[in-house]
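The structure appears below as structure tokens.
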Amino acid sequence: MSTDFDMQRLDEKLGQFQSHISLVTSPSEWLSANIDNICLAWEETLSLSKDELVDVKRFLYPRLFTYTFARLKGCADAKLLLDFQTNISLCIHFDDVTLLRHYRSLKETLWAFLNRARAHSKGHPATNTTGENINKLLRLDVLSLAARILALVSDGRRKKAFLNQRDSDAQTLLDLLQHILDLPELEIVRPSILRILLELSKRSGLCPTSLILQGVEPRGTESVTAGSFGDIWQGTFAGNAVAIKVMRIDSTYTDKGLKIIDVAQGLNYLHNFDPPVIHGDLRGTNILVTPDKRASIADFGLCTLAGVSLLQFTPTSTAFQCTNLLWLAPEFFQFEENGNETPRQSLATDIYSYACVCFEVRIHLEYKFDDGLQLTLR
């Protein structure tokens, strides 16, 4: 049986996990590393075999599951532990999408058994688990939830099953995705989760329930005025007169915004090599879109390594003539005539080109070259 000190150590260890594996690009590998970390904490603190955690990798909240299981094993009530194992066994064989749809009930089940275990151990030091430690392991469990979703949609067959959910099943999944988006500490997964949420919302015709204010009643059959991005209606809420702004959502602009995030992540990936990789010719025509609507940087013809044989740009150089002047940073046009210092590519010039790409997307840039090097905008 585990001691109070063992439980406190397990509590602390379950709230700690860092991995060099990217949750966004390698979610399946991240999930495996997460489970290995949990099993190691189990063996080191409780001196129990990790074989007892054989089902933990199938559970949505592996750290809360492990902590609750440990508390129940230390409880004198054997029937309580048996009830827990019976309840858990019912969901072990669910497919991935069904598991995600039951995320609320599974968490409520774990909390219920944890509170019953605490009641049996009332007065023991091990019951004094700090809220901070519980919050830490819950945050890691939500990260695990996000990784499960990303791993699921990276597989074509399972992604199709996920996006084919409708009615209440789709609503439950949309609420889960929105819950992940609302947590500020999960910013690393936000672009990927947002993309999935938008696609499921578009296919199901639903949106997260948290985005809907209940009890608002519109008045009349027409809006009273309109702005650039929405219409204003009269209405009532809780018996009071209110103005209701109905946004006009441009899904095309949202899709482009997500692609801009993809380009930023790709550029960040290049710039974090050692030495950093400079693209050197970032522009709209060098960004390709994959079948699943992800943006990818292409055309590395002018690519260089920072600090290693950087290309020099002068009006007569091949590099200058091969690139597109509209996306070049201003310093490339401020070269010295006496031949001393000539402009070179850098991380900063890539960032300037990226800003031009954002500008290009935002205003639907059309360009032409003439003697004055002018831009024609529409």
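So you can find residues: chains in the structure tokens are A, B, ... in the order shown, residues in each start at 1, and ligands are numbered from 1 in order.
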
DSSP alpha helix (DSSP H) selection over segment 59-213 of chain A, as JSON, numbers by chain: {"A": [62, 63, 64, 65, 66, 67, 68, 69, 70, 71, 72, 73, 78, 79, 80, 81, 82, 83, 84, 85, 86, 87, 88, 89, 96, 97, 98, 99, 100, 101, 103, 104, 105, 106, 107, 108, 109, 110, 111, 112, 113, 114, 115, 116, 117, 118, 119, 120, 131, 132, 133, 134, 135, 136, 137, 138, 139, 140, 141, 142, 143, 144, 145, 146, 147, 148, 149, 150, 151, 152, 153, 156, 157, 158, 159, 160, 161, 162, 163, 167, 168, 169, 170, 171, 172, 173, 174, 175, 176, 177, 178, 179, 180, 181, 182, 190, 191, 192, 193, 194, 195, 196, 197, 198, 199, 200, 201, 202, 203, 204]}

Near-Thr109 of chain A list (9 Å; only C-alpha atoms; drop same-chain fewer than 5 positions) as a PDB file with N, CA, C and O atoms, in the first residue's frame:
```pdb
ATOM      1  N   PHE A  84     -14.615   1.271  -9.592  1.00  0.00           N
ATOM      2  CA  PHE A  84     -13.849   2.147 -10.483  1.00  0.00           C
ATOM      3  C   PHE A  84     -13.378   1.374 -11.714  1.00  0.00           C
ATOM      4  O   PHE A  84     -13.552   1.830 -12.851  1.00  0.00           O
ATOM      5  N   ASN A  87     -16.271   0.620 -14.074  1.00  0.00           N
ATOM      6  CA  ASN A  87     -16.696   1.795 -14.835  1.00  0.00           C
ATOM      7  C   ASN A  87     -15.717   2.118 -15.958  1.00  0.00           C
ATOM      8  O   ASN A  87     -16.122   2.430 -17.090  1.00  0.00           O
ATOM      9  N   ILE A  88     -14.423   2.048 -15.655  1.00  0.00           N
ATOM     10  CA  ILE A  88     -13.398   2.382 -16.640  1.00  0.00           C
ATOM     11  C   ILE A  88     -13.395   1.381 -17.791  1.00  0.00           C
ATOM     12  O   ILE A  88     -13.202   1.748 -18.955  1.00  0.00           O
ATOM     13  N   ARG A 104     -16.689  14.806 -21.313  1.00  0.00           N
ATOM     14  CA  ARG A 104     -17.268  15.373 -20.086  1.00  0.00           C
ATOM     15  C   ARG A 104     -17.581  14.277 -19.067  1.00  0.00           C
ATOM     16  O   ARG A 104     -17.208  14.381 -17.893  1.00  0.00           O
ATOM     17  N   LEU A 114     -12.472  10.129  -7.310  1.00  0.00           N
ATOM     18  CA  LEU A 114     -11.409  10.780  -6.537  1.00  0.00           C
ATOM     19  C   LEU A 114     -11.986  11.373  -5.251  1.00  0.00           C
ATOM     20  O   LEU A 114     -11.376  11.234  -4.169  1.00  0.00           O
TER      21      LEU A 114
END
```

- Name the closest residue to Pro191 of chain A among the candidates A:Leu64, A:Val24, A:Val361, A:Ala112; distances are taken between atoms, counting only C-alpha atoms.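 Nearest to Pro191 of chain A: A:Val24.
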
Of A:Ala161, A:Leu100, A:Leu23, A:Leu14, the one sitting nearest Asn133 of chain A when using only C-alpha atoms is A:Leu14

- prompt: Taking the backbone alone, and naming residues the way the document does, which bits of segment 186-235 of chain A are strand (DSSP E) by DSSP, as a list in words?
  reply: Val216, Glu217, Pro218, Thr225, Ala226, Gly230, Asp231, Ile232, Trp233, Gln234 and Gly235 of chain A

Take the residues that were just selected and, keeping N, CA, C and O atoms, output them as a CSV table (one decimal), in the first residue's frame.
```
chain,number,residue,atom,x,y,z
A,216,VAL,N,-31.7,36.0,-26.1
A,216,VAL,CA,-31.8,37.2,-26.8
A,216,VAL,C,-32.9,37.1,-27.8
A,216,VAL,O,-32.9,36.2,-28.6
A,217,GLU,N,-33.8,38.1,-27.9
A,217,GLU,CA,-34.9,38.1,-28.8
A,217,GLU,C,-34.8,39.3,-29.7
A,217,GLU,O,-34.8,40.4,-29.3
A,218,PRO,N,-34.7,39.0,-31.1
A,218,PRO,CA,-34.6,40.1,-32.0
A,218,PRO,C,-36.0,40.8,-32.2
A,218,PRO,O,-37.1,40.1,-32.0
A,225,THR,N,-29.6,49.4,-38.9
A,225,THR,CA,-28.4,50.0,-39.6
A,225,THR,C,-27.4,49.0,-39.8
A,225,THR,O,-27.6,47.8,-39.4
A,226,ALA,N,-26.3,49.4,-40.5
A,226,ALA,CA,-25.3,48.4,-40.8
A,226,ALA,C,-23.9,49.1,-40.8
A,226,ALA,O,-23.8,50.3,-41.0
A,230,GLY,N,-20.9,44.2,-40.1
A,230,GLY,CA,-22.1,43.5,-39.5
A,230,GLY,C,-23.3,44.4,-39.6
A,230,GLY,O,-23.2,45.6,-40.0
A,231,ASP,N,-24.5,43.8,-39.2
A,231,ASP,CA,-25.7,44.5,-39.2
A,231,ASP,C,-26.2,44.7,-37.8
A,231,ASP,O,-26.0,43.9,-36.9
A,232,ILE,N,-26.9,45.9,-37.5
A,232,ILE,CA,-27.4,46.2,-36.2
A,232,ILE,C,-28.9,46.0,-36.1
A,232,ILE,O,-29.6,46.6,-36.9
A,233,TRP,N,-29.3,45.1,-35.2
A,233,TRP,CA,-30.8,44.9,-35.0
A,233,TRP,C,-31.2,45.4,-33.6
A,233,TRP,O,-30.4,45.4,-32.7
A,234,GLN,N,-32.5,45.7,-33.5
A,234,GLN,CA,-33.1,45.9,-32.1
A,234,GLN,C,-33.5,44.6,-31.5
A,234,GLN,O,-33.8,43.6,-32.2
A,235,GLY,N,-33.4,44.5,-30.2
A,235,GLY,CA,-33.8,43.2,-29.5
A,235,GLY,C,-33.9,43.4,-28.1
A,235,GLY,O,-33.8,44.5,-27.5
```

Between A:Gly74, A:Pro330, A:Gly257, A:Gly215, smallest distance to Gln345 of chain A by only C-alpha atoms belongs to A:Pro330

- [ ] Could you tell me which of A:Phe300, A:Asp281, A:Leu163, A:Lys293 comes closest to Leu326 of chain A if we count only C-alpha atoms?
- [x]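 Of all the options, A:Asp281 lies closest to Leu326 of chain A.
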
Query - Selection: 12 Å around Asp6 of chain A, only C-alpha atoms, excl. self and same-chain fewer than 5 positions, as a count of residues only - result: 18

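The gap separating atom CA of Ser121 of chain A from atom CA of Met7 of chain A is 12.0 Å, in Å to one decimal.
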
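Here the question is which of A:Cys358, A:Ile351, A:Leu150, A:Val242 gets nearest to Thr25 of chain A using only C-alpha atoms, and that residue is A:Leu150.
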